[in-house]
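One file, structure_13.tsv, is given below (TSV, C-alpha atoms and all ligand atoms).
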```
chain	number	residue	atom	x	y	z
A	993	MET	CA	15.78	-4.60	-25.95
A	994	THR	CA	12.24	-5.40	-24.72
A	995	LYS	CA	9.65	-2.77	-25.49
A	996	LYS	CA	9.25	-0.23	-22.73
A	997	ILE	CA	5.97	-0.32	-20.87
A	998	ASN	CA	3.97	2.88	-21.33
A	999	TRP	CA	2.80	4.11	-17.92
A	1000	GLY	CA	-0.10	6.38	-17.18
A	1001	ILE	CA	-0.92	8.07	-13.88
A	1002	LEU	CA	-4.54	8.58	-12.92
A	1003	GLY	CA	-4.86	11.50	-10.45
A	1004	ALA	CA	-2.02	13.99	-10.21
A	1005	GLY	CA	-1.79	14.40	-6.44
A	1006	LYS	CA	1.03	14.13	-3.89
A	1007	ILE	CA	1.75	10.41	-4.04
A	1008	ALA	CA	1.56	10.43	-7.84
A	1009	GLY	CA	4.59	12.74	-7.88
A	1010	LYS	CA	6.61	10.47	-5.58
A	1011	PHE	CA	5.70	7.41	-7.60
A	1012	ALA	CA	6.64	9.17	-10.85
A	1013	THR	CA	10.05	10.12	-9.45
A	1014	ASP	CA	10.85	6.51	-8.55
A	1015	LEU	CA	9.31	5.13	-11.76
A	1016	ALA	CA	11.75	7.26	-13.75
A	1017	THR	CA	14.61	5.15	-12.33
A	1018	LEU	CA	13.37	2.05	-14.22
A	1019	THR	CA	14.91	1.76	-17.67
A	1020	ASP	CA	12.08	-0.39	-19.05
A	1021	ALA	CA	9.35	2.03	-17.94
A	1022	ASN	CA	8.22	4.88	-20.15
A	1023	LEU	CA	6.64	7.88	-18.44
A	1024	TYR	CA	3.90	8.14	-21.02
A	1025	ALA	CA	0.77	9.90	-19.77
A	1026	VAL	CA	-0.89	11.59	-16.84
A	1027	ALA	CA	-4.59	12.31	-16.37
A	1028	SER	CA	-6.11	14.84	-14.02
A	1029	ARG	CA	-9.60	16.25	-13.65
A	1030	THR	CA	-7.99	19.52	-14.74
A	1031	LEU	CA	-5.99	19.73	-17.95
A	1032	ALA	CA	-3.71	22.53	-16.71
A	1033	LYS	CA	-2.80	20.42	-13.67
A	1034	ALA	CA	-2.06	17.40	-15.85
A	1035	GLU	CA	0.11	19.54	-18.10
A	1036	GLY	CA	2.02	20.94	-15.12
A	1037	PHE	CA	2.57	17.43	-13.76
A	1038	ALA	CA	3.66	16.09	-17.16
A	1039	LYS	CA	6.17	18.92	-17.48
A	1040	GLU	CA	7.56	18.50	-13.97
A	1041	TYR	CA	7.95	14.71	-14.18
A	1042	HIS	CA	8.64	14.43	-17.92
A	1043	PHE	CA	5.55	12.57	-19.13
A	1044	GLU	CA	4.82	12.64	-22.86
A	1045	LYS	CA	1.07	13.28	-22.74
A	1046	ALA	CA	-1.38	15.09	-20.47
A	1047	PHE	CA	-5.13	14.52	-20.30
A	1048	GLY	CA	-7.78	16.63	-18.58
A	1049	ASN	CA	-10.06	13.63	-18.13
A	1050	TYR	CA	-9.30	10.19	-16.67
A	1051	GLU	CA	-11.27	8.15	-19.19
A	1052	GLU	CA	-9.76	9.97	-22.16
A	1053	MET	CA	-6.31	8.73	-21.13
A	1054	LEU	CA	-7.64	5.17	-20.89
A	1055	THR	CA	-8.77	5.19	-24.51
A	1056	ASP	CA	-5.19	5.82	-25.67
A	1057	PRO	CA	-4.16	2.59	-27.45
A	1058	GLU	CA	-0.47	3.10	-26.63
A	1059	LEU	CA	-1.08	3.08	-22.87
A	1060	ASP	CA	-0.09	-0.21	-21.18
A	1061	ALA	CA	-0.19	0.26	-17.41
A	1062	VAL	CA	-2.01	2.62	-15.07
A	1063	TYR	CA	-1.20	3.72	-11.53
A	1064	VAL	CA	-4.38	4.81	-9.72
A	1065	ALA	CA	-3.52	7.55	-7.22
A	1066	THR	CA	-6.87	9.07	-6.26
A	1067	PRO	CA	-8.35	9.13	-2.71
A	1068	HIS	CA	-9.43	5.78	-1.19
A	1069	VAL	CA	-13.13	6.12	-1.98
A	1070	PHE	CA	-12.47	6.27	-5.73
A	1071	HIS	CA	-10.11	3.29	-5.94
A	1072	CYS	CA	-12.75	0.75	-6.86
A	1073	GLN	CA	-14.50	3.01	-9.39
A	1074	HIS	CA	-11.24	4.09	-11.08
A	1075	THR	CA	-9.78	0.59	-11.11
A	1076	LEU	CA	-12.95	-0.76	-12.74
A	1077	LEU	CA	-12.68	2.00	-15.34
A	1078	CYS	CA	-9.09	1.00	-16.18
A	1079	LEU	CA	-10.02	-2.68	-16.37
A	1080	THR	CA	-12.98	-1.92	-18.62
A	1081	HIS	CA	-10.48	-0.39	-21.03
A	1082	LYS	CA	-8.25	-3.45	-20.55
A	1083	LYS	CA	-5.37	-1.48	-19.07
A	1084	ALA	CA	-3.18	-3.23	-16.52
A	1085	VAL	CA	-3.64	-1.48	-13.21
A	1086	ILE	CA	-1.87	-1.00	-9.92
A	1087	CYS	CA	-4.10	0.80	-7.44
A	1088	GLU	CA	-2.98	2.71	-4.36
A	1089	LYS	CA	-3.69	1.49	-0.85
A	1090	PRO	CA	-6.17	0.85	0.56
A	1091	PHE	CA	-7.10	-1.17	-2.51
A	1092	ALA	CA	-10.75	-0.22	-1.90
A	1093	ILE	CA	-13.04	0.70	0.99
A	1094	ASN	CA	-14.27	-2.80	1.81
A	1095	THR	CA	-14.13	-6.46	0.81
A	1096	LYS	CA	-17.22	-6.16	-1.38
A	1097	GLU	CA	-15.38	-3.65	-3.57
A	1098	VAL	CA	-12.16	-5.68	-3.66
A	1099	LYS	CA	-14.13	-8.73	-4.83
A	1100	GLN	CA	-15.71	-6.63	-7.59
A	1101	MET	CA	-12.28	-5.44	-8.75
A	1102	ILE	CA	-10.80	-8.94	-8.82
A	1103	ALA	CA	-13.84	-10.29	-10.66
A	1104	LYS	CA	-13.52	-7.54	-13.28
A	1105	ALA	CA	-9.80	-8.29	-13.75
A	1106	LYS	CA	-10.65	-11.94	-14.35
A	1107	GLU	CA	-13.53	-11.11	-16.67
A	1108	THR	CA	-11.39	-8.76	-18.79
A	1109	ASP	CA	-8.26	-10.92	-18.56
A	1110	THR	CA	-6.30	-7.92	-17.32
A	1111	PHE	CA	-3.49	-7.54	-14.78
A	1112	LEU	CA	-4.50	-6.11	-11.41
A	1113	MET	CA	-2.32	-5.37	-8.38
A	1114	ASP	CA	-2.77	-3.75	-4.99
A	1115	ALA	CA	-0.04	-1.08	-4.59
A	1116	LEU	CA	1.26	-2.56	-1.33
A	1117	TRP	CA	4.75	-1.34	-2.16
A	1118	THR	CA	6.06	-2.31	1.30
A	1119	LEU	CA	5.66	-5.99	0.39
A	1120	CYS	CA	7.99	-5.49	-2.59
A	1121	LEU	CA	10.81	-3.87	-0.60
A	1122	PRO	CA	13.99	-5.95	-0.15
A	1123	HIS	CA	14.29	-5.36	3.61
A	1124	ILE	CA	10.74	-6.59	4.21
A	1125	LEU	CA	11.35	-9.67	2.05
A	1126	LYS	CA	14.62	-10.24	3.96
A	1127	THR	CA	12.77	-10.01	7.28
A	1128	LYS	CA	10.36	-12.71	6.14
A	1129	GLU	CA	13.25	-14.85	4.89
A	1130	ILE	CA	15.00	-14.64	8.28
A	1131	VAL	CA	11.80	-15.55	10.13
A	1132	GLU	CA	11.11	-18.49	7.81
A	1133	SER	CA	14.70	-19.76	8.05
A	1134	GLY	CA	14.04	-20.54	11.71
A	1135	GLN	CA	17.42	-19.13	12.79
A	1136	LEU	CA	15.68	-17.06	15.49
A	1137	GLY	CA	13.34	-19.87	16.52
A	1138	LYS	CA	9.59	-19.52	16.47
A	1139	LEU	CA	8.02	-16.16	15.67
A	1140	ILE	CA	6.20	-14.97	18.77
A	1141	SER	CA	4.92	-11.46	18.13
A	1142	VAL	CA	4.93	-8.53	15.70
A	1143	LYS	CA	4.72	-4.95	16.94
A	1144	ALA	CA	4.40	-2.02	14.56
A	1145	ASP	CA	3.19	1.56	14.67
A	1146	PHE	CA	2.44	4.38	12.27
A	1147	GLY	CA	1.54	7.83	13.55
A	1148	PHE	CA	1.92	11.46	12.64
A	1149	VAL	CA	0.27	14.72	13.62
A	1150	ALA	CA	-2.29	15.67	10.99
A	1151	ASP	CA	-3.65	19.22	11.13
A	1152	PHE	CA	-7.37	18.90	11.64
A	1153	ASN	CA	-9.32	19.80	8.52
A	1154	PRO	CA	-12.77	18.24	8.30
A	1155	ASN	CA	-12.68	18.49	4.51
A	1156	SER	CA	-9.33	16.78	3.99
A	1157	ARG	CA	-9.13	13.17	2.87
A	1158	LEU	CA	-7.62	12.25	6.26
A	1159	PHE	CA	-10.65	13.44	8.25
A	1160	ASP	CA	-13.56	13.53	5.79
A	1161	ARG	CA	-15.61	10.34	6.07
A	1162	ASP	CA	-16.83	10.76	2.50
A	1163	LEU	CA	-13.22	10.65	1.31
A	1164	GLY	CA	-12.42	7.54	3.36
A	1165	GLY	CA	-10.88	9.41	6.32
A	1166	GLY	CA	-9.32	7.94	9.46
A	1167	SER	CA	-5.97	6.57	10.56
A	1168	LEU	CA	-6.74	2.90	9.94
A	1169	LEU	CA	-7.14	2.89	6.16
A	1170	ASP	CA	-4.51	5.54	5.56
A	1171	ILE	CA	-1.62	4.44	7.79
A	1172	GLY	CA	-2.87	1.66	10.09
A	1173	ILE	CA	-2.88	-0.48	6.98
A	1174	TYR	CA	0.94	-0.71	7.13
A	1175	PRO	CA	1.23	-2.36	10.58
A	1176	ALA	CA	-1.72	-4.56	9.55
A	1177	LEU	CA	-0.13	-5.72	6.31
A	1178	LEU	CA	3.14	-6.49	8.07
A	1179	ALA	CA	1.36	-8.71	10.60
A	1180	LEU	CA	-0.60	-10.44	7.85
A	1181	PHE	CA	2.56	-10.94	5.79
A	1182	LEU	CA	4.58	-12.45	8.65
A	1183	LEU	CA	1.90	-14.24	10.65
A	1184	GLY	CA	-1.01	-14.85	8.26
A	1185	LYS	CA	-4.68	-14.56	9.14
A	1186	PRO	CA	-5.42	-14.24	12.88
A	1187	LYS	CA	-7.99	-16.31	14.77
A	1188	LYS	CA	-9.06	-13.38	16.94
A	1189	ILE	CA	-9.07	-9.62	16.34
A	1190	THR	CA	-9.58	-7.04	19.09
A	1191	ALA	CA	-9.65	-3.36	18.19
A	1192	ALA	CA	-10.30	-0.07	19.94
A	1193	ALA	CA	-10.25	3.47	18.61
A	1194	LEU	CA	-10.64	7.11	19.46
A	1195	MET	CA	-13.31	8.40	17.09
A	1196	GLY	CA	-13.09	12.10	16.22
A	1197	GLN	CA	-15.76	14.71	15.51
A	1198	THR	CA	-15.93	13.70	11.83
A	1199	LYS	CA	-16.70	10.10	12.92
A	1200	VAL	CA	-13.42	8.65	11.69
A	1201	ASP	CA	-10.78	6.96	13.85
A	1202	GLU	CA	-8.09	9.44	14.85
A	1203	GLU	CA	-6.27	6.69	16.72
A	1204	CYS	CA	-6.62	2.93	16.50
A	1205	ALA	CA	-5.10	0.02	18.43
A	1206	VAL	CA	-5.36	-3.58	17.27
A	1207	PHE	CA	-4.42	-6.83	19.00
A	1208	LEU	CA	-4.29	-10.00	16.90
A	1209	GLU	CA	-4.16	-13.53	18.28
A	1210	TYR	CA	-3.16	-16.66	16.38
A	1211	GLU	CA	-3.91	-20.37	16.74
A	1212	ASP	CA	-0.59	-21.26	18.37
A	1213	GLY	CA	-0.33	-18.29	20.73
A	1214	GLN	CA	1.38	-15.80	18.43
A	1215	THR	CA	0.25	-12.18	18.62
A	1216	ALA	CA	0.51	-8.79	16.93
A	1217	ASN	CA	0.26	-5.30	18.46
A	1218	LEU	CA	-0.62	-2.66	15.93
A	1219	HIS	CA	-1.12	1.07	16.39
A	1220	SER	CA	-1.98	4.00	14.15
A	1221	THR	CA	-2.70	7.62	14.99
A	1222	LEU	CA	-3.25	11.02	13.41
A	1223	LEU	CA	-2.64	12.69	16.78
A	1224	ALA	CA	1.02	12.02	17.56
A	1225	GLN	CA	4.28	11.43	15.81
A	1226	THR	CA	5.33	7.86	16.55
A	1227	PRO	CA	8.56	6.09	15.59
A	1228	ILE	CA	6.98	4.21	12.63
A	1229	GLU	CA	9.09	1.16	13.33
A	1230	ALA	CA	8.52	-2.56	13.63
A	1231	TYR	CA	9.78	-5.31	15.93
A	1232	VAL	CA	9.55	-8.98	15.07
A	1233	TYR	CA	10.00	-10.91	18.31
A	1234	CYS	CA	11.14	-14.51	18.05
A	1235	GLU	CA	12.21	-17.15	20.61
A	1236	LYS	CA	15.94	-16.58	20.22
A	1237	GLY	CA	16.05	-12.90	19.35
A	1238	TYR	CA	14.31	-10.15	17.48
A	1239	ILE	CA	14.46	-8.21	14.23
A	1240	HIS	CA	14.16	-4.44	14.39
A	1241	ILE	CA	12.99	-2.59	11.27
A	1242	PRO	CA	13.82	1.05	12.01
A	1243	PRO	CA	11.84	4.16	11.05
A	1244	ARG	CA	10.16	4.37	8.66
A	1245	PHE	CA	9.70	0.63	8.45
A	1246	HIS	CA	7.28	0.69	5.51
A	1247	GLU	CA	9.64	2.44	3.10
A	1248	GLY	CA	13.32	2.17	2.13
A	1249	VAL	CA	15.48	1.99	5.29
A	1250	ALA	CA	19.25	2.00	5.79
A	1251	GLY	CA	19.12	-1.52	7.19
A	1252	ILE	CA	17.55	-3.91	9.68
A	1253	THR	CA	19.06	-5.20	12.92
A	1254	ILE	CA	18.93	-8.74	14.28
A	1255	LEU	CA	19.60	-9.12	17.98
A	1256	ARG	CA	20.31	-12.61	19.32
A	1257	TYR	CA	19.53	-13.11	23.05
A	1258	GLU	CA	22.19	-15.81	23.48
A	1259	ASN	CA	25.15	-13.42	23.34
A	1260	LEU	CA	23.29	-10.10	22.86
A	1261	ALA	CA	25.08	-9.79	19.54
A	1262	ALA	CA	23.52	-7.38	17.07
A	1263	THR	CA	23.89	-7.90	13.34
A	1264	PHE	CA	23.10	-5.01	11.02
A	1265	ILE	CA	21.98	-5.90	7.49
A	1266	PRO	CA	22.34	-2.82	5.28
A	1267	PHE	CA	20.16	-1.88	2.33
A	1268	ASP	CA	20.99	0.67	-0.29
A	1269	TYR	CA	17.82	2.49	-1.25
A	1270	GLN	CA	18.66	5.38	-3.54
A	1271	VAL	CA	15.03	6.53	-3.70
A	1272	LEU	CA	11.91	5.94	-1.59
A	1273	GLY	CA	11.23	2.51	-3.06
A	1274	TYR	CA	8.09	2.81	-5.18
A	1275	GLN	CA	10.01	1.45	-8.18
A	1276	TYR	CA	10.01	-2.07	-6.66
A	1277	GLU	CA	6.23	-2.44	-6.96
A	1278	ALA	CA	6.34	-1.01	-10.50
A	1279	ALA	CA	9.15	-3.40	-11.44
A	1280	GLU	CA	7.19	-6.32	-9.95
A	1281	MET	CA	4.15	-5.33	-12.00
A	1282	MET	CA	6.14	-5.06	-15.23
A	1283	ARG	CA	7.88	-8.39	-14.62
A	1284	CYS	CA	4.49	-10.09	-14.12
A	1285	MET	CA	3.00	-8.38	-17.18
A	1286	ARG	CA	5.91	-9.49	-19.36
A	1287	GLU	CA	5.46	-13.04	-18.08
A	1288	GLY	CA	1.77	-12.90	-19.03
A	1289	LYS	CA	0.58	-13.09	-15.43
A	1290	LEU	CA	-2.67	-11.50	-14.32
A	1291	GLU	CA	-1.64	-10.96	-10.71
A	1292	SER	CA	1.53	-10.31	-8.75
A	1293	ASP	CA	3.46	-13.06	-7.02
A	1294	LEU	CA	4.49	-10.68	-4.23
A	1295	VAL	CA	1.04	-9.14	-3.74
A	1296	PRO	CA	-1.48	-11.75	-4.92
A	1297	HIS	CA	-5.20	-11.02	-5.05
A	1298	GLN	CA	-5.76	-13.29	-2.05
A	1299	PHE	CA	-3.50	-11.10	0.10
A	1300	SER	CA	-5.55	-8.03	-0.86
A	1301	LEU	CA	-8.73	-9.88	0.11
A	1302	ASP	CA	-7.32	-11.11	3.42
A	1303	LEU	CA	-6.07	-7.63	4.29
A	1304	MET	CA	-9.39	-6.00	3.47
A	1305	GLU	CA	-11.28	-8.62	5.50
A	1306	LEU	CA	-9.03	-7.80	8.45
A	1307	LEU	CA	-9.64	-4.06	8.01
A	1308	ASP	CA	-13.39	-4.65	7.66
A	1309	GLU	CA	-13.45	-6.58	10.95
A	1310	ILE	CA	-11.48	-3.84	12.73
A	1311	ARG	CA	-13.83	-1.21	11.30
A	1312	GLY	CA	-16.84	-3.19	12.48
A	1313	GLN	CA	-15.45	-3.30	16.04
A	1314	ILE	CA	-14.57	0.40	16.24
A	1315	GLY	CA	-17.73	1.59	14.47
A	1316	LEU	CA	-15.95	3.17	11.50
A	1317	ILE	CA	-18.58	3.35	8.77
A	1318	TYR	CA	-18.33	4.75	5.27
A	1319	PRO	CA	-22.03	5.25	4.50
A	1320	ARG	CA	-21.64	5.58	0.74
A	1321	HIS	CA	-19.80	2.25	0.47
A	1322	ASP	CA	-20.71	-0.05	3.37
A	1401	LIG	N1	1.87	4.30	-1.01
A	1401	LIG	C1	2.10	5.37	-0.29
A	1401	LIG	O1	3.16	5.55	0.29
A	1401	LIG	C2	1.04	6.41	-0.19
A	1401	LIG	C3	1.34	7.66	0.35
A	1401	LIG	C4	0.37	8.64	0.35
A	1401	LIG	C5	-0.90	8.35	-0.12
A	1401	LIG	N2	-1.17	7.11	-0.63
A	1401	LIG	C6	-2.51	6.81	-1.15
A	1401	LIG	O2	-2.68	7.48	-2.38
A	1401	LIG	C7	-4.00	8.00	-2.49
A	1401	LIG	C8	-3.91	9.48	-2.80
A	1401	LIG	O3	-3.24	10.14	-1.74
A	1401	LIG	P1	-2.52	11.57	-1.93
A	1401	LIG	O4	-1.89	11.88	-0.64
A	1401	LIG	O5	-1.73	11.58	-3.15
A	1401	LIG	O6	-3.82	12.49	-2.09
A	1401	LIG	P2	-3.95	13.85	-2.88
A	1401	LIG	O7	-2.67	14.61	-2.86
A	1401	LIG	O8	-5.17	14.50	-2.36
A	1401	LIG	O9	-4.17	13.38	-4.39
A	1401	LIG	C9	-5.28	12.65	-4.79
A	1401	LIG	C10	-5.64	13.06	-6.22
A	1401	LIG	O10	-6.82	12.36	-6.57
A	1401	LIG	C11	-7.55	13.10	-7.51
A	1401	LIG	N3	-8.97	13.19	-7.13
A	1401	LIG	C12	-10.00	12.69	-7.85
A	1401	LIG	N4	-11.15	12.95	-7.27
A	1401	LIG	C13	-10.89	13.65	-6.15
A	1401	LIG	C14	-11.70	14.25	-5.14
A	1401	LIG	N5	-13.04	14.19	-5.16
A	1401	LIG	N6	-11.09	14.89	-4.12
A	1401	LIG	C15	-9.76	14.97	-4.08
A	1401	LIG	N7	-8.93	14.43	-5.02
A	1401	LIG	C16	-9.49	13.79	-6.05
A	1401	LIG	C17	-6.90	14.47	-7.58
A	1401	LIG	O11	-6.14	14.50	-8.75
A	1401	LIG	P3	-6.55	15.39	-10.02
A	1401	LIG	O12	-6.98	16.71	-9.43
A	1401	LIG	O13	-5.27	15.47	-10.74
A	1401	LIG	O14	-7.63	14.70	-10.75
A	1401	LIG	C18	-5.98	14.52	-6.39
A	1401	LIG	O15	-4.85	15.31	-6.61
A	1401	LIG	C19	-4.71	7.67	-1.18
A	1401	LIG	O16	-5.57	6.59	-1.35
A	1401	LIG	C20	-3.58	7.29	-0.21
A	1401	LIG	O17	-3.93	6.25	0.68
A	1401	LIG	C21	-0.22	6.16	-0.67
```

How does the structure come out when it is put into structure tokens?
Ligand SMILES: NC(=O)c1ccc[n+]([C@@H]2O[C@H](COP(=O)([O-])OP(=O)(O)OC[C@H]3O[C@@H](n4cnc5c(N)ncnc54)[C@H](OP(=O)(O)O)[C@@H]3O)[C@@H](O)[C@H]2O)c1
Amino acid sequence: MTKKINWGILGAGKIAGKFATDLATLTDANLYAVASRTLAKAEGFAKEYHFEKAFGNYEEMLTDPELDAVYVATPHVFHCQHTLLCLTHKKAVICEKPFAINTKEVKQMIAKAKETDTFLMDALWTLCLPHILKTKEIVESGQLGKLISVKADFGFVADFNPNSRLFDRDLGGGSLLDIGIYPALLALFLLGKPKKITAAALMGQTKVDEECAVFLEYEDGQTANLHSTLLAQTPIEAYVYCEKGYIHIPPRFHEGVAGITILRYENLAATFIPFDYQVLGYQYEAAEMMRCMREGKLESDLVPHQFSLDLMELLDEIRGQIGLIYPRHD
């Protein structure tokens, strides 16, 4: 049997727990280490999710020679810094979304990965999910004719707390980078880079976008309508409108769903394509990373570095239009 890959988690917060739960379903992954700024917290996390080692300092974990791969799960504003730290120690890294705060940081991360000859991946887990890949396959097959428009939303009611990572500008707050990134990545995945971007937002008292609407236009008349909000629960679904019908990705479109529906206008026939997700779906990105590492690749085929750059350029442009500034980074 191939040697198991020893995983480490950097930052023992909420998403780290979900990722660890799904990672445990992969037989070739070893839940090896977790690092927190607080040793007691790391120990509690290691016990709960069955990791072998706990560290009370991020860098200490990275000096462990047995560690192969790191999942960075800290708030947005630390992604670049923590990814660079992993790469400096030549540990393969998958970093949570948004990959960084801006394109300048993403370029730095990719350059460091190249310089150190180390694997680097943006944790855009949605792009590794079978129902999203199936949606793209259907569109590309041409069976529904030309793709005309993508519509996607992501909203929930966040209790206002100026010090939370959702509202605090110094922690990368706002709807766009936290959840608006999902509609944006779906549009980019299915339609590519737009020729024109128009964005508007409701900026809150902490100067971050509490709601954001984006309209994308493409060379041959295709469009995308994207919406994110921290002020209302929205369906969190996606529609892919084509000439001869549409594909509906039901709530919550960005994670494992029961299935997708294709509706053909010709006879109004609906076809349901089921998917059997036993867990949320974070194991697909981890499996993709391990497959690439075993093949000696330095980037993912499903989430290549160029996609991360294109996505961040799109987010940068939207931020420029709505006046969302992160003073410590921009
Ligand atoms: N892919 C997804 O579905 C998904 C879902 C939710 C969030 N995320 C992303 O994951 C990242 C973390 O989100 P989360 O919801 O897990 O946040 P969280 O619960 O606040 O956890 C973040 C962790 O980062 C560490 N950290 C280091 N410096 C920190 C600081 N100055 N302030 C606060 N925490 C700090 C902390 O871990 P220690 O105390 O252990 O050091 C903290 O527990 C975000 O970038 C978010 O976009 C992704």

Within 6 Å of ligand LIG 1401 (chain A), which residues of chain A come that close, and what is the closest atom pair and distance in Å for each? Count only C-alpha atoms and all ligand atoms and give it as a tab-separated table.
```
residue	atom	partner	partner_atom	distance
A:Gly1003	CA	A:LIG1401	O11	3.7
A:Ala1004	CA	A:LIG1401	O13	3.6
A:Gly1005	CA	A:LIG1401	O15	3.2
A:Lys1006	CA	A:LIG1401	O5	3.8
A:Ile1007	CA	A:LIG1401	O5	3.8
A:Ala1008	CA	A:LIG1401	O5	5.8
A:Ser1028	CA	A:LIG1401	O13	3.4
A:Arg1029	CA	A:LIG1401	O14	3.8
A:Ala1065	CA	A:LIG1401	C7	4.8
A:Thr1066	CA	A:LIG1401	O10	3.3
A:Pro1067	CA	A:LIG1401	O16	4.0
A:His1068	CA	A:LIG1401	O16	3.9
A:Glu1088	CA	A:LIG1401	O2	5.2
A:Lys1089	CA	A:LIG1401	O17	5.0
A:Pro1090	CA	A:LIG1401	O17	5.8
A:Asp1170	CA	A:LIG1401	O17	5.0
```

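The shell of residues at most 6 Å from Gly1000 (chain A), with all atoms listed in the file counted and near chain neighbours (fewer than 2 positions) removed, consists of A:Tyr1024, A:Ala1025, A:Val1026, A:Val1062.
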
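Distance check against Leu1294 (chain A) using all atoms listed in the file: of A:Phe1148, A:Phe1037, A:Tyr1233, A:Trp1117, the minimum falls on A:Trp1117.
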
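Candidate residues A:Asp1060, A:Asp1302, A:Glu1040, A:Asp1308 were compared for distance to Lys1185 (chain A), and the nearest is A:Asp1302, using only C-alpha atoms.
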
Residue contacts of region 1210-1222 of chain A (9 Å, all atoms listed in the file) excluding same-chain residues fewer than 5 positions away, as a PDB file with C-alpha atoms, keeping the file's coordinate frame:
```
ATOM      1  CA  LEU A1139       8.020 -16.160  15.670  1.00  0.00           C
ATOM      2  CA  ILE A1140       6.200 -14.970  18.770  1.00  0.00           C
ATOM      3  CA  SER A1141       4.920 -11.460  18.130  1.00  0.00           C
ATOM      4  CA  VAL A1142       4.930  -8.530  15.700  1.00  0.00           C
ATOM      5  CA  LYS A1143       4.720  -4.950  16.940  1.00  0.00           C
ATOM      6  CA  ALA A1144       4.400  -2.020  14.560  1.00  0.00           C
ATOM      7  CA  ASP A1145       3.190   1.560  14.670  1.00  0.00           C
ATOM      8  CA  PHE A1146       2.440   4.380  12.270  1.00  0.00           C
ATOM      9  CA  GLY A1147       1.540   7.830  13.550  1.00  0.00           C
ATOM     10  CA  PHE A1148       1.920  11.460  12.640  1.00  0.00           C
ATOM     11  CA  VAL A1149       0.270  14.720  13.620  1.00  0.00           C
ATOM     12  CA  ALA A1150      -2.290  15.670  10.990  1.00  0.00           C
ATOM     13  CA  ASP A1151      -3.650  19.220  11.130  1.00  0.00           C
ATOM     14  CA  LEU A1158      -7.620  12.250   6.260  1.00  0.00           C
ATOM     15  CA  GLY A1166      -9.320   7.940   9.460  1.00  0.00           C
ATOM     16  CA  SER A1167      -5.970   6.570  10.560  1.00  0.00           C
ATOM     17  CA  LEU A1168      -6.740   2.900   9.940  1.00  0.00           C
ATOM     18  CA  ILE A1171      -1.620   4.440   7.790  1.00  0.00           C
ATOM     19  CA  GLY A1172      -2.870   1.660  10.090  1.00  0.00           C
ATOM     20  CA  ILE A1173      -2.880  -0.480   6.980  1.00  0.00           C
ATOM     21  CA  TYR A1174       0.940  -0.710   7.130  1.00  0.00           C
ATOM     22  CA  PRO A1175       1.230  -2.360  10.580  1.00  0.00           C
ATOM     23  CA  ALA A1176      -1.720  -4.560   9.550  1.00  0.00           C
ATOM     24  CA  ALA A1179       1.360  -8.710  10.600  1.00  0.00           C
ATOM     25  CA  LEU A1183       1.900 -14.240  10.650  1.00  0.00           C
ATOM     26  CA  GLY A1184      -1.010 -14.850   8.260  1.00  0.00           C
ATOM     27  CA  LYS A1185      -4.680 -14.560   9.140  1.00  0.00           C
ATOM     28  CA  PRO A1186      -5.420 -14.240  12.880  1.00  0.00           C
ATOM     29  CA  LYS A1187      -7.990 -16.310  14.770  1.00  0.00           C
ATOM     30  CA  LYS A1188      -9.060 -13.380  16.940  1.00  0.00           C
ATOM     31  CA  ASP A1201     -10.780   6.960  13.850  1.00  0.00           C
ATOM     32  CA  GLU A1202      -8.090   9.440  14.850  1.00  0.00           C
ATOM     33  CA  GLU A1203      -6.270   6.690  16.720  1.00  0.00           C
ATOM     34  CA  CYS A1204      -6.620   2.930  16.500  1.00  0.00           C
ATOM     35  CA  ALA A1205      -5.100   0.020  18.430  1.00  0.00           C
TER      36      ALA A1205
END
```

| Near Cys1072 (chain A), within 9 Å and counting only C-alpha atoms, which residues show up once chain neighbours fewer than 3 positions away are dropped, as a ChimeraX atom specification? | /A:1068-1069,1075-1077,1087,1091-1093,1097-1098,1100-1101

| Of the candidates A:Gln1225, A:Tyr1041, A:Asp1162, A:Val1085, which one gets nearest to Ala1016 (chain A) if we count all atoms listed in the file? | A:Tyr1041

| message | For Arg1244 (chain A), find every residue with an atom within 7 Å (counting all atoms listed in the file), except residues of its own chain fewer than 3 positions away, and show them as a PyMOL selection string. | response | chain A and resi 1228-1229+1247+1249

| remark: For Phe1111 (chain A), the closest of A:Tyr1318, A:Gly1312, A:Lys1082, A:Ala1027 counting all atoms listed in the file is A:Lys1082

| task | In the coordinates of the file, take the point (5.5, 2.3, -10.0) and a cut-off of 10 Å; then, counting only C-alpha atoms, name each qualifying protein, DNA or RNA residue as a PyMOL selection string. | result | chain A and resi 999-1001+1008+1010-1018+1021+1061-1063+1086+1115+1117+1273-1282

| Using all atoms listed in the file, which residues sit within 9 Å of His1123 (chain A) once same-chain residues fewer than 2 positions away are excluded, as a ChimeraX atom specification? | /A:1120-1121,1125-1128,1241,1245,1248-1249,1251-1252,1265-1267

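Counting all atoms listed in the file, the residue from A:Ile1310, A:Ile997, A:Tyr1238, A:His1246 that sits nearest to Leu1260 (chain A) is A:Tyr1238.
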
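As for CA of Asp1268 (chain A) and CA of Ser1300 (chain A), they are spaced 27.9 Å apart.
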
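Taking CA of Lys1045 (chain A) as the reference point, CA of Phe1070 (chain A) is found at 22.8 Å.
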
| message | If we draw a sphere of 8 Å around (-5.8, -7.3, -20.9), which residues have at least one atom in it when counting all atoms listed in the file? Please report them as a list in words. | response | Leu1079, Lys1082, Lys1083, Ala1084, Thr1108, Asp1109, Thr1110 and Phe1111 of chain A

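The interatomic distance for the pair CA of Gly1134 (chain A) and CA of Pro1296 (chain A) works out to 24.4 Å.
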
| Using all atoms listed in the file, which of A:Met1195, A:Ala1230, A:Leu1255, A:Val1200 sits nearest Gln1135 (chain A)? | A:Leu1255
